[in-house]
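**Q** File run.cif below, mmCIF, C-alpha atoms:
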data_work
#
loop_
_atom_site.group_PDB
_atom_site.id
_atom_site.type_symbol
_atom_site.label_atom_id
_atom_site.label_comp_id
_atom_site.auth_asym_id
_atom_site.auth_seq_id
_atom_site.Cartn_x
_atom_site.Cartn_y
_atom_site.Cartn_z
ATOM 1 C CA MET A 1 3.116 63.216 -38.917
ATOM 2 C CA ALA A 2 6.912 63.071 -38.645
ATOM 3 C CA THR A 3 8.880 59.882 -39.070
ATOM 4 C CA ALA A 4 10.819 58.929 -35.968
ATOM 5 C CA VAL A 5 14.573 58.500 -36.376
ATOM 6 C CA PRO A 6 15.826 55.499 -34.382
ATOM 7 C CA SER A 7 18.113 56.417 -31.493
ATOM 8 C CA ALA A 8 21.458 54.669 -31.020
ATOM 9 C CA ALA A 9 20.010 52.556 -28.205
ATOM 10 C CA SER A 10 17.037 51.396 -30.237
ATOM 11 C CA ARG A 11 18.578 51.035 -33.679
ATOM 12 C CA ILE A 12 18.736 47.218 -33.887
ATOM 13 C CA ALA A 13 15.722 45.529 -35.490
ATOM 14 C CA VAL A 14 15.298 41.750 -35.399
ATOM 15 C CA VAL A 15 13.096 40.276 -38.134
ATOM 16 C CA THR A 16 12.030 36.621 -37.992
ATOM 17 C CA GLY A 17 11.068 34.621 -41.051
ATOM 18 C CA ALA A 18 13.296 36.951 -43.059
ATOM 19 C CA SER A 19 14.365 34.522 -45.781
ATOM 20 C CA SER A 20 11.534 35.447 -48.179
ATOM 21 C CA GLY A 21 8.238 37.268 -48.624
ATOM 22 C CA ILE A 22 7.103 39.773 -46.012
ATOM 23 C CA GLY A 23 10.063 39.122 -43.723
ATOM 24 C CA ALA A 24 12.691 39.788 -46.391
ATOM 25 C CA ALA A 25 10.846 42.882 -47.634
ATOM 26 C CA THR A 26 10.535 44.197 -44.062
ATOM 27 C CA ALA A 27 14.248 43.722 -43.434
ATOM 28 C CA ARG A 28 15.015 45.755 -46.553
ATOM 29 C CA ARG A 29 12.557 48.511 -45.594
ATOM 30 C CA LEU A 30 13.746 48.805 -41.980
ATOM 31 C CA ALA A 31 17.375 48.883 -43.082
ATOM 32 C CA ALA A 32 16.566 51.721 -45.473
ATOM 33 C CA ALA A 33 14.867 53.513 -42.563
ATOM 34 C CA GLY A 34 18.105 53.485 -40.582
ATOM 35 C CA TYR A 35 17.926 50.307 -38.517
ATOM 36 C CA ARG A 36 20.700 47.764 -38.143
ATOM 37 C CA VAL A 37 18.711 44.735 -39.173
ATOM 38 C CA VAL A 38 19.238 41.190 -37.917
ATOM 39 C CA LEU A 39 17.617 38.688 -40.275
ATOM 40 C CA THR A 40 16.645 35.341 -38.790
ATOM 41 C CA ALA A 41 15.239 32.239 -40.473
ATOM 42 C CA ARG A 42 16.119 28.579 -40.852
ATOM 43 C CA ARG A 43 17.487 28.963 -44.397
ATOM 44 C CA LYS A 44 21.017 30.244 -43.823
ATOM 45 C CA ASP A 45 21.864 30.772 -47.492
ATOM 46 C CA ARG A 46 18.755 32.884 -48.135
ATOM 47 C CA ILE A 47 19.185 35.280 -45.220
ATOM 48 C CA GLU A 48 22.904 35.635 -45.896
ATOM 49 C CA ALA A 49 22.182 36.605 -49.507
ATOM 50 C CA ILE A 50 19.580 39.182 -48.440
ATOM 51 C CA ALA A 51 21.887 40.595 -45.765
ATOM 52 C CA GLU A 52 24.659 40.901 -48.361
ATOM 53 C CA GLU A 53 22.257 42.720 -50.694
ATOM 54 C CA ILE A 54 21.245 45.155 -47.918
ATOM 55 C CA ASN A 55 24.862 45.856 -46.982
ATOM 56 C CA ALA A 56 25.792 46.390 -50.638
ATOM 57 C CA ALA A 57 23.073 49.048 -50.782
ATOM 58 C CA GLY A 58 24.850 50.962 -48.033
ATOM 59 C CA HIS A 59 22.716 49.838 -45.108
ATOM 60 C CA SER A 60 23.451 47.468 -42.211
ATOM 61 C CA ALA A 61 22.326 43.849 -41.933
ATOM 62 C CA THR A 62 23.414 40.612 -40.266
ATOM 63 C CA ALA A 63 22.117 37.097 -40.891
ATOM 64 C CA TYR A 64 21.541 34.656 -38.022
ATOM 65 C CA PRO A 65 20.135 31.171 -38.784
ATOM 66 C CA LEU A 66 17.410 30.424 -36.243
ATOM 67 C CA ASP A 67 14.455 28.110 -35.709
ATOM 68 C CA VAL A 68 11.993 30.161 -33.670
ATOM 69 C CA THR A 69 10.439 26.986 -32.203
ATOM 70 C CA ASP A 70 13.770 25.971 -30.611
ATOM 71 C CA ARG A 71 13.734 27.786 -27.278
ATOM 72 C CA ALA A 72 17.331 26.975 -26.367
ATOM 73 C CA ALA A 73 18.520 28.386 -29.694
ATOM 74 C CA VAL A 74 16.334 31.469 -29.236
ATOM 75 C CA ASP A 75 17.747 32.110 -25.759
ATOM 76 C CA GLU A 76 21.299 31.760 -27.090
ATOM 77 C CA PHE A 77 20.480 34.220 -29.867
ATOM 78 C CA ALA A 78 18.986 36.730 -27.398
ATOM 79 C CA SER A 79 22.049 36.564 -25.148
ATOM 80 C CA ALA A 80 24.076 38.362 -27.827
ATOM 81 C CA PHE A 81 22.173 41.629 -27.273
ATOM 82 C CA LYS A 82 22.162 44.164 -24.459
ATOM 83 C CA THR A 83 19.391 46.167 -26.086
ATOM 84 C CA ILE A 84 17.342 46.082 -29.258
ATOM 85 C CA GLY A 85 14.808 48.531 -30.578
ATOM 86 C CA VAL A 86 12.438 46.467 -32.693
ATOM 87 C CA LEU A 87 11.295 42.867 -32.877
ATOM 88 C CA VAL A 88 9.220 41.894 -35.904
ATOM 89 C CA ASN A 89 7.567 38.524 -35.255
ATOM 90 C CA ASN A 90 6.920 37.459 -38.832
ATOM 91 C CA ALA A 91 7.826 33.747 -38.876
ATOM 92 C CA GLY A 92 4.815 31.487 -39.372
ATOM 93 C CA GLY A 93 2.707 30.209 -42.216
ATOM 94 C CA ALA A 94 -0.167 27.943 -43.184
ATOM 95 C CA LEU A 95 -0.380 24.237 -43.945
ATOM 96 C CA GLY A 96 -3.331 22.671 -45.731
ATOM 97 C CA ALA A 97 -6.920 23.768 -46.243
ATOM 98 C CA ASP A 98 -8.824 20.756 -44.985
ATOM 99 C CA PRO A 99 -12.060 20.969 -43.009
ATOM 100 C CA VAL A 100 -11.999 20.366 -39.258
ATOM 101 C CA ALA A 101 -13.368 16.841 -39.748
ATOM 102 C CA THR A 102 -10.342 15.700 -41.755
ATOM 103 C CA GLY A 103 -7.594 18.171 -40.841
ATOM 104 C CA ASP A 104 -4.151 16.759 -40.084
ATOM 105 C CA PRO A 105 -3.309 17.213 -36.379
ATOM 106 C CA ASP A 106 0.393 17.360 -37.262
ATOM 107 C CA ASP A 107 -0.264 20.341 -39.552
ATOM 108 C CA TRP A 108 -2.256 22.043 -36.793
ATOM 109 C CA ARG A 109 0.548 21.400 -34.310
ATOM 110 C CA THR A 110 3.199 22.770 -36.679
ATOM 111 C CA MET A 111 1.163 25.907 -37.367
ATOM 112 C CA PHE A 112 0.639 26.543 -33.661
ATOM 113 C CA GLU A 113 4.330 26.008 -32.927
ATOM 114 C CA THR A 114 5.584 28.340 -35.662
ATOM 115 C CA ASN A 115 2.960 31.085 -35.428
ATOM 116 C CA VAL A 116 2.252 31.193 -31.687
ATOM 117 C CA ILE A 117 5.074 29.496 -29.778
ATOM 118 C CA GLY A 118 7.670 31.015 -32.100
ATOM 119 C CA THR A 119 6.280 34.476 -31.421
ATOM 120 C CA LEU A 120 6.150 33.701 -27.698
ATOM 121 C CA ASN A 121 9.750 32.469 -27.658
ATOM 122 C CA LEU A 122 11.234 35.531 -29.358
ATOM 123 C CA THR A 123 9.068 37.974 -27.433
ATOM 124 C CA GLN A 124 9.921 36.474 -24.047
ATOM 125 C CA ALA A 125 13.627 36.249 -24.842
ATOM 126 C CA LEU A 126 13.952 39.779 -26.220
ATOM 127 C CA LEU A 127 11.432 41.727 -24.128
ATOM 128 C CA PRO A 128 14.041 42.671 -21.477
ATOM 129 C CA LYS A 129 16.335 43.919 -24.262
ATOM 130 C CA LEU A 130 13.517 45.961 -25.788
ATOM 131 C CA GLU A 131 12.702 47.487 -22.417
ATOM 132 C CA ALA A 132 16.385 48.243 -21.774
ATOM 133 C CA SER A 133 16.514 50.330 -24.954
ATOM 134 C CA GLY A 134 14.047 52.777 -23.408
ATOM 135 C CA ASP A 135 12.056 52.826 -26.644
ATOM 136 C CA GLY A 136 11.214 49.315 -27.825
ATOM 137 C CA THR A 137 8.651 48.013 -30.287
ATOM 138 C CA VAL A 138 7.213 44.515 -30.663
ATOM 139 C CA VAL A 139 5.500 43.903 -33.990
ATOM 140 C CA VAL A 140 3.315 40.844 -34.468
ATOM 141 C CA VAL A 141 2.559 40.088 -38.112
ATOM 142 C CA SER A 142 -0.671 38.170 -37.762
ATOM 143 C CA SER A 143 -3.364 37.901 -40.440
ATOM 144 C CA THR A 144 -6.975 38.748 -41.095
ATOM 145 C CA ALA A 145 -7.351 35.011 -40.382
ATOM 146 C CA GLY A 146 -6.784 35.976 -36.755
ATOM 147 C CA LEU A 147 -9.860 38.182 -36.799
ATOM 148 C CA GLY A 148 -12.388 36.057 -38.688
ATOM 149 C CA THR A 149 -12.932 32.463 -39.717
ATOM 150 C CA TYR A 150 -13.349 30.808 -43.102
ATOM 151 C CA GLU A 151 -14.086 27.275 -44.235
ATOM 152 C CA GLY A 152 -11.058 25.090 -44.738
ATOM 153 C CA GLY A 153 -8.813 27.333 -42.728
ATOM 154 C CA ALA A 154 -9.486 26.335 -39.126
ATOM 155 C CA GLY A 155 -5.934 25.249 -38.259
ATOM 156 C CA TYR A 156 -4.350 28.432 -39.572
ATOM 157 C CA VAL A 157 -7.203 30.561 -38.241
ATOM 158 C CA ALA A 158 -6.775 29.042 -34.771
ATOM 159 C CA ALA A 159 -3.044 29.740 -34.805
ATOM 160 C CA LYS A 160 -3.482 33.329 -35.979
ATOM 161 C CA HIS A 161 -6.232 33.930 -33.407
ATOM 162 C CA GLY A 162 -3.692 32.766 -30.815
ATOM 163 C CA GLU A 163 -1.106 35.193 -32.136
ATOM 164 C CA HIS A 164 -3.657 38.037 -32.117
ATOM 165 C CA VAL A 165 -4.577 37.306 -28.496
ATOM 166 C CA LEU A 166 -0.895 37.129 -27.523
ATOM 167 C CA ALA A 167 -0.334 40.650 -28.879
ATOM 168 C CA GLU A 168 -3.491 42.031 -27.326
ATOM 169 C CA THR A 169 -2.720 40.553 -23.904
ATOM 170 C CA LEU A 170 0.935 41.590 -23.934
ATOM 171 C CA ARG A 171 -0.102 45.182 -24.598
ATOM 172 C CA LEU A 172 -2.282 45.107 -21.471
ATOM 173 C CA GLU A 173 0.395 43.490 -19.346
ATOM 174 C CA ILE A 174 3.278 45.844 -20.145
ATOM 175 C CA VAL A 175 1.431 49.158 -20.315
ATOM 176 C CA GLY A 176 3.557 51.798 -18.619
ATOM 177 C CA LYS A 177 6.805 50.252 -19.835
ATOM 178 C CA PRO A 178 8.735 51.835 -22.734
ATOM 179 C CA VAL A 179 7.684 49.168 -25.227
ATOM 180 C CA ARG A 180 4.936 49.406 -27.857
ATOM 181 C CA VAL A 181 3.024 46.362 -29.092
ATOM 182 C CA ILE A 182 1.859 46.640 -32.699
ATOM 183 C CA GLU A 183 -0.143 44.101 -34.661
ATOM 184 C CA VAL A 184 -0.287 44.204 -38.451
ATOM 185 C CA ALA A 185 -2.894 41.874 -39.950
ATOM 186 C CA PRO A 186 -2.542 41.428 -43.723
ATOM 187 C CA GLY A 187 -5.273 40.009 -45.910
ATOM 188 C CA MET A 188 -4.566 38.474 -49.325
ATOM 189 C CA VAL A 189 -0.856 38.799 -50.048
ATOM 190 C CA LYS A 190 0.668 37.142 -53.088
ATOM 191 C CA THR A 191 4.209 35.978 -52.353
ATOM 192 C CA ASP A 192 6.384 33.332 -53.965
ATOM 193 C CA GLU A 193 5.962 30.807 -51.176
ATOM 194 C CA PHE A 194 2.938 31.248 -48.882
ATOM 195 C CA ALA A 195 0.244 29.433 -50.877
ATOM 196 C CA LEU A 196 2.772 27.056 -52.430
ATOM 197 C CA THR A 197 3.857 25.918 -48.972
ATOM 198 C CA ARG A 198 0.256 25.698 -47.794
ATOM 199 C CA PHE A 199 -0.614 23.289 -50.605
ATOM 200 C CA GLY A 200 2.499 21.143 -50.384
ATOM 201 C CA GLY A 201 4.142 22.504 -53.515
ATOM 202 C CA ASP A 202 1.045 22.172 -55.716
ATOM 203 C CA ARG A 203 1.606 25.238 -57.906
ATOM 204 C CA GLU A 204 -1.687 24.962 -59.787
ATOM 205 C CA ARG A 205 -3.688 24.905 -56.570
ATOM 206 C CA ALA A 206 -1.628 27.760 -55.146
ATOM 207 C CA GLU A 207 -2.245 29.935 -58.198
ATOM 208 C CA LYS A 208 -6.011 29.423 -57.908
ATOM 209 C CA VAL A 209 -5.956 31.328 -54.609
ATOM 210 C CA TYR A 210 -5.172 34.516 -56.546
ATOM 211 C CA GLN A 211 -6.967 33.680 -59.792
ATOM 212 C CA GLY A 212 -8.869 36.679 -61.178
ATOM 213 C CA VAL A 213 -7.697 39.010 -58.406
ATOM 214 C CA ALA A 214 -6.288 42.000 -60.267
ATOM 215 C CA GLU A 215 -3.920 43.233 -57.577
ATOM 216 C CA PRO A 216 -3.442 41.230 -54.398
ATOM 217 C CA LEU A 217 -1.085 42.813 -51.882
ATOM 218 C CA THR A 218 2.639 42.321 -52.362
ATOM 219 C CA ALA A 219 5.174 41.541 -49.659
ATOM 220 C CA ASP A 220 6.529 45.064 -50.065
ATOM 221 C CA ASP A 221 3.069 46.571 -49.504
ATOM 222 C CA VAL A 222 2.976 44.896 -46.114
ATOM 223 C CA ALA A 223 6.612 45.695 -45.345
ATOM 224 C CA GLU A 224 5.989 49.370 -46.058
ATOM 225 C CA THR A 225 3.004 49.259 -43.703
ATOM 226 C CA ILE A 226 5.052 47.592 -40.954
ATOM 227 C CA THR A 227 7.840 50.142 -41.351
ATOM 228 C CA TRP A 228 5.340 52.991 -41.151
ATOM 229 C CA THR A 229 3.974 51.703 -37.835
ATOM 230 C CA VAL A 230 7.468 51.226 -36.398
ATOM 231 C CA THR A 231 8.638 54.696 -37.405
ATOM 232 C CA ARG A 232 5.791 56.614 -35.757
ATOM 233 C CA PRO A 233 6.875 58.822 -32.837
ATOM 234 C CA SER A 234 7.413 56.845 -29.653
ATOM 235 C CA HIS A 235 4.169 57.921 -28.016
ATOM 236 C CA VAL A 236 2.104 56.669 -30.973
ATOM 237 C CA ASN A 237 1.066 53.006 -30.808
ATOM 238 C CA ILE A 238 -0.692 51.462 -33.818
ATOM 239 C CA ASP A 239 -2.487 48.751 -31.838
ATOM 240 C CA LEU A 240 -3.974 46.895 -34.792
ATOM 241 C CA LEU A 241 -3.697 47.673 -38.486
ATOM 242 C CA VAL A 242 -5.640 45.575 -41.003
ATOM 243 C CA VAL A 243 -4.419 45.847 -44.580
ATOM 244 C CA ARG A 244 -6.157 44.188 -47.530
ATOM 245 C CA PRO A 245 -6.143 44.635 -51.288
ATOM 246 C CA ARG A 246 -9.038 46.688 -52.620
ATOM 247 C CA ALA A 247 -10.473 43.544 -54.239
ATOM 248 C CA GLN A 248 -10.877 41.813 -50.863
ATOM 249 C CA ALA A 249 -13.718 42.959 -48.640
ATOM 250 C CA SER A 250 -13.397 40.107 -46.117
ATOM 251 C CA ASN A 251 -11.809 36.686 -45.736
ATOM 252 C CA THR A 252 -14.652 35.213 -47.767
ATOM 253 C CA LYS A 253 -15.568 38.112 -50.114
ATOM 254 C CA VAL A 254 -13.100 38.661 -52.953
ATOM 255 C CA HIS A 255 -13.755 40.280 -56.324
ATOM 256 C CA ARG A 256 -12.383 38.149 -59.151
ATOM 257 C CA GLU A 257 -12.332 39.347 -62.748
ATOM 258 C CA GLY A 258 -13.012 37.183 -65.785
#
What is this file in structure tokens?

**A**
Amino acid sequence: MATAVPSAASRIAVVTGASSGIGAATARRLAAAGYRVVLTARRKDRIEAIAEEINAAGHSATAYPLDVTDRAAVDEFASAFKTIGVLVNNAGGALGADPVATGDPDDWRTMFETNVIGTLNLTQALLPKLEASGDGTVVVVSSTAGLGTYEGGAGYVAAKHGEHVLAETLRLEIVGKPVRVIEVAPGMVKTDEFALTRFGGDRERAEKVYQGVAEPLTADDVAETITWTVTRPSHVNIDLLVVRPRAQASNTKVHREG
């Protein structure tokens, strides 16, 4: 199947949570595919450094510091565009791994705000711009946590289920408009920050998540998958793509060596 070349009207790609991990890797991949990438995240220095790296490689990137949970800031950001071609809703993350009985409501609230409300904010603000391009794509980077539960993960699982339902419902509501809605649901991905953030900086506990797993997914594995879905011909919509490492059969079934 041919790779679609972005048209002038649809060449801008906005990537949230682009300061590290999957977001940063996706920005690099989309830029290499011919998109003018706008990297957003709260950490200004990180996205500026990545944008500089992309530009030095001969591609096009701009950094825009943004908190996706701040609706006024999101609306101001969106006002800068007449059209965009791609929105990659990647900002999110997990906090804690406590059971429901002792989970921290503040952690649950933060996860819902970043994963669900953040995705809602960007999608609402940029949907008219995507439609105006005549060939728009919304990507929601959810998780296999949004498709199945596991003990100790209820807060994150609930947030990712919400994000999954948002994507699924949006696709129903805008059918017939020139905008695709794609969901990419990664399984076990080893990045520098995901598990470390989840466990409050406890590196030993974070490393145990991947202990014995020969080859968990990398951020670039997921970014390559996202870019593949985005660059399909316009009439092809990858509704839901689940990607796991070979060692992971489900959220609760992982082969560990040694």

**Q** Using all atoms listed in the file for the distances, tell me which of A:Trp108, A:Phe81, A:Trp228, A:Tyr35 is nearest to A:Gly96.

**A**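 Closest candidate: A:Trp108.
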
**Q** Any idea what's packed within 6 Å of stretch 205-219 of chain A, counting only C-alpha atoms, ignoring anything in its chain fewer than 6 positions away? Could you give it as a list of chain:residue names?

**A**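 The filter keeps A:Gly21, A:Ile22, A:Met188, A:Val189, A:Lys190, A:Ala195, A:Leu196, A:Pro245, A:Arg256, A:Glu257.
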
**Q** Point out the residue among A:Ala91, A:Ala159, A:Ala32, A:Ile84 with the least atom-to-atom distance to A:Val15, counting all atoms listed in the file.

**A** A:Ala91

**Q** Need the shell around A:Ile182: protein/DNA/RNA residues with any atom at most 10 Å away, counting all atoms listed in the file. Skip same-chain ones fewer than 6 positions apart. Format as an mmCIF file with C-alpha atoms, keeping the file's coordinate frame?

**A**
data_model
loop_
_atom_site.group_PDB
_atom_site.id
_atom_site.type_symbol
_atom_site.label_atom_id
_atom_site.label_comp_id
_atom_site.auth_asym_id
_atom_site.auth_seq_id
_atom_site.Cartn_x
_atom_site.Cartn_y
_atom_site.Cartn_z
ATOM 1 C CA VAL A 88 9.220 41.894 -35.904
ATOM 2 C CA THR A 137 8.651 48.013 -30.287
ATOM 3 C CA VAL A 138 7.213 44.515 -30.663
ATOM 4 C CA VAL A 139 5.500 43.903 -33.990
ATOM 5 C CA VAL A 140 3.315 40.844 -34.468
ATOM 6 C CA VAL A 141 2.559 40.088 -38.112
ATOM 7 C CA ALA A 167 -0.334 40.650 -28.879
ATOM 8 C CA GLU A 168 -3.491 42.031 -27.326
ATOM 9 C CA ARG A 171 -0.102 45.182 -24.598
ATOM 10 C CA ILE A 226 5.052 47.592 -40.954
ATOM 11 C CA THR A 229 3.974 51.703 -37.835
ATOM 12 C CA VAL A 230 7.468 51.226 -36.398
ATOM 13 C CA ASN A 237 1.066 53.006 -30.808
ATOM 14 C CA ILE A 238 -0.692 51.462 -33.818
ATOM 15 C CA ASP A 239 -2.487 48.751 -31.838
ATOM 16 C CA LEU A 240 -3.974 46.895 -34.792
ATOM 17 C CA LEU A 241 -3.697 47.673 -38.486
#

**Q** Show me the residues around (18.6, 29.5, -33.8) - criterion: an atom at most 8 Å away, only C-alpha atoms counted - as a list in words.

**A** Thr40, Ala41, Arg42, Tyr64, Pro65, Leu66, Asp67, Val68, Asp70, Ala72, Ala73, Val74, Glu76 and Phe77 of chain A

**Q** Would you kindly return, as a list of chain:residue names, each protein, DNA or RNA residue with an atom no farther than 8 Å from any atom of stretch 49-63 of chain A, considering all atoms listed in the file and excluding same-chain residues fewer than 5 positions away?

**A**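 Contacts, in chain order: A:Ser19, A:Ala24, A:Arg28, A:Ala31, A:Ala32, A:Gly34, A:Tyr35, A:Arg36, A:Val37, A:Val38, A:Leu39, A:Thr40, A:Lys44.
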
**Q** Which residue, A:Ile47, A:Ile12, A:Met111, A:Leu122, has the smallest gap to A:Ala94 when you use all atoms listed in the file?

**A**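 Closest residue, counting all atoms listed in the file: A:Met111.
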